[in-house]
Amino acid sequence: MATDNDKHWAGCHGETITYRELDKFLDYSILLNQADAEAGAERFATCIWGHSGIGKTSKVRQFKKKKVKWRGKDYDGYAIHYVSLAQFEEMGDLHGLPDKHVLVTKFDVMDSGELLEKWVPLDLSEGYLSQGWEVSHEAGIRTMYAPPEWVPTEAGPSILIIDDFNKAGSRIVKGAMQLLQDYGLMSWKLPDGCNIIMTGNPDEQDYFVTTLDPSQLQRLRSCTLKFDAKEWAVWAESAGMAPQVTSFVLAYPEQLTQGTQRTSPRSISEFGRFLSLGLNPSIRDIQVMAHALLDKATVASFISFMERDFELVVSPEDIMDGNPIVEKHIKDVMTRKEKRIDVVSVTCDRLFAYLSRPETEPTDDAVKNVQKFLCCEHLTAEIRYVFIDRLNKASDQNPNMDKWFMGDTTLMKLVMETV
């Protein structure tokens, strides 16, 4: 029997992965394409499936700043090219515009002495004639296509993002199959080093999309991206997201994964940016802007959270500054008749996200204060262990992360007791 979770991912393909796992999946896909190209094999296109607004396209765009080495040369990032097939109405949007071409020739007297040849647009041939080229009348006139503007032309590490792939009409999707298989069409080819990465929405749910048949799916390297509130919070802290929104998402992640029509990571991020403007809006103003972007149930939950729970969450800044109110606050929420473990979990998740920011420096005082917080007797052993385990795993990519828990014998003793 299908579960609700199975239904949520119906129409998606490949393994369901998190944001962090997507980075590694794309790295492997690009390396595999590079190996395939060197071996003379076909490069595969990669497709990221998932619900709208969860950050599929934005995750790929981040490769613009991902350093890469290609054919022995270092690059600051991948060249990103973007196209949305949903905008295409005619096959000409894929192939480009036809134009008449002639073959021009010229001897390379300055270098090799060899005969140079190239096909050029007929209406540009006069310019070549003035530079010493001659038209080969024997070759006749050919109709060739000028590649569309969105087609990459320079060799090097690059990514062609084909967004909303299956929102295009059936005719366009079928016409693009040659592009996915051959990395080009009859009219043009993608340059060396280019990788096709597509995004798509599930075709068995409430999306107006074109269903792919098995022969089309077999040409894709697929995965399904799922929303992860804790990983989203790491991005949100770096982006300066309003703490109310980050805390709410951590407390109620199901609000963004229960198949609502309007609430998504994209829409709630926009709402968070509104709250970050520092306009000091009234509750009524907040309600109006929230309803402009989110489902009614989400708005009701958010307003309730703001009025009852947000003030219970300790800010990362207070913990790092060693504010004496921190321990008192944690004691208060954990010694109630009903312990607010959820509030402490949100506090720790926000702290982890804050420590993950590139600009957060592990100064001696900050490290001491964070370790003091982790040694607080009112933290549960499980919360403490999970937090330190996340820091330890994150140190593989950010060497500063292990500095937040190393060197404190009391903290290490508490962790060992849990293990």
# chains A, B, ... in the order shown; residues from 1 in each chain; ligands from 1
$ residues_around --residues "segment 141-152 of chain A" --least-positions-apart "3" --cutoff "9 Å" --atoms "only C-alpha atoms" --output "PyMOL selection string"
chain A and resi 79-83+92-103+119+121-122+137+155+158-160+186-191+194
$ closest_residue --among "A:Phe88, A:Glu237, A:Leu124, A:Arg340" --to "Gly175 of chain A" --atoms "only C-alpha atoms"
A:Phe88
$ select_by_dssp --residues "segment 87-287 of chain A" --states "strand (DSSP E)" --output "ChimeraX atom specification"
/A:97-107,115-121,134-135,141-146,158-163,194-200,220-225
$ write_last_selection --atoms "C-alpha atoms" --output "compact mmCIF listing (two decimals), in the first residue's frame"
# COMPACT_ATOMS: atom_id res chain seq x y z
CA LEU A 97 17.23 30.63 -37.38
CA PRO A 98 18.13 29.32 -40.86
CA ASP A 99 20.39 31.45 -43.05
CA LYS A 100 22.10 31.06 -46.41
CA HIS A 101 25.87 30.43 -46.21
CA VAL A 102 28.71 30.36 -48.77
CA LEU A 103 32.15 28.78 -48.54
CA VAL A 104 35.03 31.27 -48.51
CA THR A 105 38.71 30.35 -48.87
CA LYS A 106 42.07 32.04 -48.42
CA PHE A 107 45.71 30.92 -48.29
CA LEU A 115 44.26 26.85 -47.62
CA LEU A 116 41.74 28.14 -45.05
CA GLU A 117 38.05 27.43 -45.48
CA LYS A 118 34.94 28.53 -43.63
CA TRP A 119 31.22 28.77 -44.21
CA VAL A 120 29.92 32.30 -43.60
CA PRO A 121 26.49 33.95 -43.92
CA GLU A 134 37.36 34.24 -52.17
CA VAL A 135 33.94 32.64 -52.58
CA ILE A 141 24.94 27.85 -51.22
CA ARG A 142 23.96 25.99 -48.04
CA THR A 143 21.22 26.68 -45.56
CA MET A 144 22.68 26.62 -42.05
CA TYR A 145 21.32 27.53 -38.65
CA ALA A 146 22.55 30.29 -36.38
CA SER A 158 30.09 25.28 -18.04
CA ILE A 159 26.53 24.27 -17.22
CA LEU A 160 23.48 24.66 -19.42
CA ILE A 161 20.46 24.85 -17.09
CA ILE A 162 17.31 23.68 -18.86
CA ASP A 163 14.69 24.83 -16.37
CA CYS A 194 29.56 21.76 -21.04
CA ASN A 195 27.12 19.84 -18.84
CA ILE A 196 23.34 19.77 -19.23
CA ILE A 197 21.46 19.97 -15.92
CA MET A 198 17.67 20.10 -16.05
CA THR A 199 14.87 20.58 -13.54
CA GLY A 200 11.43 19.01 -13.63
CA LEU A 220 18.67 11.08 -18.05
CA ARG A 221 20.70 10.76 -14.88
CA SER A 222 17.96 11.53 -12.34
CA CYS A 223 17.60 12.42 -8.68
CA THR A 224 14.79 13.89 -6.59
CA LEU A 225 15.50 16.85 -4.31
$ atom_distance --atom1 "atom CA of Arg384 of chain A" --atom2 "atom CA of Ile54 of chain A"
29.2 Å
$ select_by_dssp --residues "segment 55-218 of chain A" --states "helix (DSSP H, G or I)" --output "NGL selection string"
:A and (56-65 or 85-87 or 92-95 or 122-129 or 137-139 or 165-167 or 170-175 or 177-182 or 214-217)
$ write_last_selection --atoms "C-alpha atoms" --output "compact mmCIF listing (two decimals), in the first residue's frame"
# COMPACT_ATOMS: atom_id res chain seq x y z
CA LYS A 56 16.46 23.12 -7.57
CA THR A 57 17.62 25.83 -9.96
CA SER A 58 19.28 28.03 -7.34
CA LYS A 59 21.42 25.10 -6.15
CA VAL A 60 22.76 24.64 -9.68
CA ARG A 61 23.40 28.38 -10.07
CA GLN A 62 25.69 28.21 -7.02
CA PHE A 63 28.20 26.34 -9.21
CA LYS A 64 29.04 29.73 -10.71
CA LYS A 65 31.25 30.29 -7.65
CA LEU A 85 11.90 25.22 -22.43
CA ALA A 86 8.42 26.18 -21.22
CA GLN A 87 8.83 29.44 -23.17
CA GLY A 92 13.07 27.12 -34.33
CA ASP A 93 13.51 28.19 -30.71
CA LEU A 94 15.68 25.09 -30.31
CA HIS A 95 17.42 24.91 -33.67
CA LEU A 122 25.85 35.11 -47.47
CA ASP A 123 25.07 38.66 -46.37
CA LEU A 124 28.49 38.87 -44.65
CA SER A 125 30.51 37.52 -47.55
CA GLU A 126 31.33 41.01 -48.91
CA GLY A 127 33.25 41.76 -45.74
CA TYR A 128 35.33 38.61 -46.18
CA LEU A 129 36.02 39.45 -49.84
CA HIS A 137 31.23 28.97 -56.31
CA GLU A 138 31.65 25.21 -56.79
CA ALA A 139 30.49 24.61 -53.19
CA PHE A 165 12.04 20.88 -18.75
CA ASN A 166 8.80 18.93 -18.69
CA LYS A 167 6.59 22.04 -18.63
CA SER A 170 5.17 17.46 -26.02
CA ARG A 171 6.55 18.54 -29.40
CA ILE A 172 9.32 20.60 -27.83
CA VAL A 173 10.21 17.88 -25.30
CA LYS A 174 10.48 15.31 -28.10
CA GLY A 175 12.56 17.69 -30.18
CA MET A 177 15.72 14.51 -26.97
CA GLN A 178 18.52 14.71 -29.53
CA LEU A 179 20.07 17.52 -27.48
CA LEU A 180 20.07 15.33 -24.37
CA GLN A 181 21.53 12.33 -26.18
CA ASP A 182 24.06 14.02 -28.49
CA PRO A 214 10.77 5.22 -20.82
CA SER A 215 12.99 5.94 -23.82
CA GLN A 216 13.23 9.57 -22.73
CA LEU A 217 13.82 8.79 -19.05
$ closest_residue --among "A:Met91, A:Ala233, A:Ile303, A:Cys12" --to "Asn201 of chain A" --atoms "only C-alpha atoms"
A:Cys12
$ closest_residue --among "A:Leu277, A:Ala381, A:Cys376, A:Ala251" --to "Asp309 of chain A" --atoms "only C-alpha atoms"
A:Ala251
$ residues_around --residues "Ala353 of chain A" --least-positions-apart "3" --cutoff "6 Å" --atoms "only C-alpha atoms" --output "ChimeraX atom specification"
/A:233-234,350,356
$ write_last_selection --atoms "N, CA and C atoms" --output "mmCIF file, in the first residue's frame"
data_model
loop_
_atom_site.group_PDB
_atom_site.id
_atom_site.type_symbol
_atom_site.label_atom_id
_atom_site.label_comp_id
_atom_site.auth_asym_id
_atom_site.auth_seq_id
_atom_site.Cartn_x
_atom_site.Cartn_y
_atom_site.Cartn_z
ATOM 1 N N ALA A 233 18.080 26.097 6.850
ATOM 2 C CA ALA A 233 18.413 27.093 7.873
ATOM 3 C C ALA A 233 19.858 27.566 7.745
ATOM 4 N N VAL A 234 20.759 26.671 7.348
ATOM 5 C CA VAL A 234 22.153 27.063 7.151
ATOM 6 C C VAL A 234 22.239 28.123 6.060
ATOM 7 N N ARG A 350 19.455 26.671 14.997
ATOM 8 C CA ARG A 350 19.814 28.025 14.577
ATOM 9 C C ARG A 350 21.267 28.337 14.932
ATOM 10 N N SER A 356 27.875 27.945 10.937
ATOM 11 C CA SER A 356 28.251 27.485 9.602
ATOM 12 C C SER A 356 28.529 28.628 8.642
#
$ closest_residue --among "A:Gln261, A:Ser269, A:Asn323, A:Thr16" --to "Val245 of chain A" --atoms "only C-alpha atoms"
A:Ser269
$ atom_distance --atom1 "atom CA of Ile48 of chain A" --atom2 "atom CA of Gln218 of chain A"
14.2 Å
$ closest_residue --among "A:Asp164, A:Gly156, A:Tyr385, A:Gly132" --to "Lys73 of chain A" --atoms "only C-alpha atoms"
A:Gly156
$ residues_around --residues "Phe274 of chain A" --least-positions-apart "6" --cutoff "10 Å" --atoms "only C-alpha atoms" --output "MDAnalysis selection string"
chainID A and resid 241:242 268 281 286 289:290
$ atom_distance --atom1 "atom CA of Phe208 of chain A" --atom2 "atom CA of His8 of chain A"
16.3 Å
$ closest_residue --among "A:Glu270, A:Glu38, A:Glu114, A:Asp389" --to "Met416 of chain A" --atoms "only C-alpha atoms"
A:Asp389
$ decode --residues "segment 208-313 of chain A" --atoms "C-alpha atoms" --output "compact mmCIF listing (two decimals), in the first residue's frame"
# COMPACT_ATOMS: atom_id res chain seq x y z
CA PHE A 208 0.73 20.91 -15.92
CA VAL A 209 3.64 18.94 -17.33
CA THR A 210 4.48 16.59 -20.19
CA THR A 211 4.88 12.96 -19.18
CA LEU A 212 8.14 11.36 -20.35
CA ASP A 213 8.15 7.87 -21.78
CA PRO A 214 10.77 5.22 -20.82
CA SER A 215 12.99 5.94 -23.82
CA GLN A 216 13.23 9.57 -22.73
CA LEU A 217 13.82 8.79 -19.05
CA GLN A 218 16.62 6.38 -19.96
CA ARG A 219 18.60 9.28 -21.39
CA LEU A 220 18.67 11.08 -18.05
CA ARG A 221 20.70 10.76 -14.88
CA SER A 222 17.96 11.53 -12.34
CA CYS A 223 17.60 12.42 -8.68
CA THR A 224 14.79 13.89 -6.59
CA LEU A 225 15.50 16.85 -4.31
CA LYS A 226 13.66 16.99 -1.00
CA PHE A 227 13.35 19.90 1.37
CA ASP A 228 15.46 19.70 4.54
CA ALA A 229 14.68 22.38 7.12
CA LYS A 230 18.04 22.13 8.91
CA GLU A 231 20.04 22.51 5.71
CA TRP A 232 17.75 25.31 4.56
CA ALA A 233 18.41 27.09 7.87
CA VAL A 234 22.15 27.06 7.15
CA TRP A 235 21.47 28.91 3.90
CA ALA A 236 18.94 31.20 5.58
CA GLU A 237 21.39 32.37 8.27
CA SER A 238 24.01 33.17 5.62
CA ALA A 239 21.40 35.04 3.57
CA GLY A 240 20.35 37.19 6.53
CA MET A 241 16.88 35.67 6.73
CA ALA A 242 14.53 37.05 9.39
CA PRO A 243 15.05 34.95 12.56
CA GLN A 244 11.29 34.61 13.01
CA VAL A 245 11.00 32.79 9.68
CA THR A 246 14.07 30.60 10.19
CA SER A 247 12.83 29.57 13.64
CA PHE A 248 9.32 28.89 12.32
CA VAL A 249 10.58 26.67 9.49
CA LEU A 250 12.74 24.70 11.93
CA ALA A 251 9.80 24.29 14.31
CA TYR A 252 7.23 23.38 11.64
CA PRO A 253 9.04 21.92 8.60
CA GLU A 254 5.88 20.04 7.62
CA GLN A 255 4.37 23.38 6.60
CA LEU A 256 6.70 23.31 3.60
CA THR A 257 6.41 19.62 2.72
CA GLN A 258 2.73 18.73 3.07
CA GLY A 259 1.82 19.51 -0.53
CA THR A 260 0.35 22.99 -0.04
CA GLN A 261 -0.38 25.05 -3.13
CA ARG A 262 1.39 28.28 -2.22
CA THR A 263 3.70 27.66 0.73
CA SER A 264 7.16 26.60 -0.39
CA PRO A 265 10.78 27.41 0.52
CA ARG A 266 10.71 29.99 -2.27
CA SER A 267 7.59 31.81 -1.08
CA ILE A 268 8.47 31.73 2.62
CA SER A 269 11.96 33.03 1.81
CA GLU A 270 10.39 36.00 0.07
CA PHE A 271 8.23 36.58 3.14
CA GLY A 272 11.35 36.38 5.30
CA ARG A 273 13.07 38.99 3.15
CA PHE A 274 10.14 41.32 3.81
CA LEU A 275 10.56 40.90 7.57
CA SER A 276 14.31 41.51 7.18
CA LEU A 277 13.79 44.99 5.75
CA GLY A 278 13.56 46.50 9.24
CA LEU A 279 10.25 48.26 8.58
CA ASN A 280 8.79 47.37 11.99
CA PRO A 281 5.45 46.20 10.50
CA SER A 282 2.37 45.74 12.62
CA ILE A 283 0.76 42.33 13.10
CA ARG A 284 -1.84 43.37 10.52
CA ASP A 285 0.89 44.31 8.03
CA ILE A 286 2.55 40.95 8.60
CA GLN A 287 -0.73 39.13 8.03
CA VAL A 288 -1.35 40.96 4.74
CA MET A 289 2.13 40.19 3.38
CA ALA A 290 1.99 36.61 4.64
CA HIS A 291 -1.36 35.97 2.94
CA ALA A 292 0.11 37.45 -0.25
CA LEU A 293 2.64 34.61 -0.39
CA LEU A 294 1.54 31.70 1.81
CA ASP A 295 -1.40 29.39 2.40
CA LYS A 296 -3.93 30.34 5.06
CA ALA A 297 -2.95 27.44 7.33
CA THR A 298 0.71 28.48 7.18
CA VAL A 299 -0.14 32.09 8.03
CA ALA A 300 -2.24 31.03 11.02
CA SER A 301 0.58 28.78 12.29
CA PHE A 302 3.17 31.51 11.81
CA ILE A 303 1.18 34.17 13.68
CA SER A 304 0.57 31.73 16.53
CA PHE A 305 4.28 30.87 16.63
CA MET A 306 5.21 34.56 16.72
CA GLU A 307 2.85 35.25 19.62
CA ARG A 308 3.64 32.20 21.76
CA ASP A 309 6.93 30.51 20.91
CA PHE A 310 9.39 32.74 19.11
CA GLU A 311 10.43 34.61 22.24
CA LEU A 312 11.35 31.25 23.82
CA VAL A 313 14.07 30.63 21.20
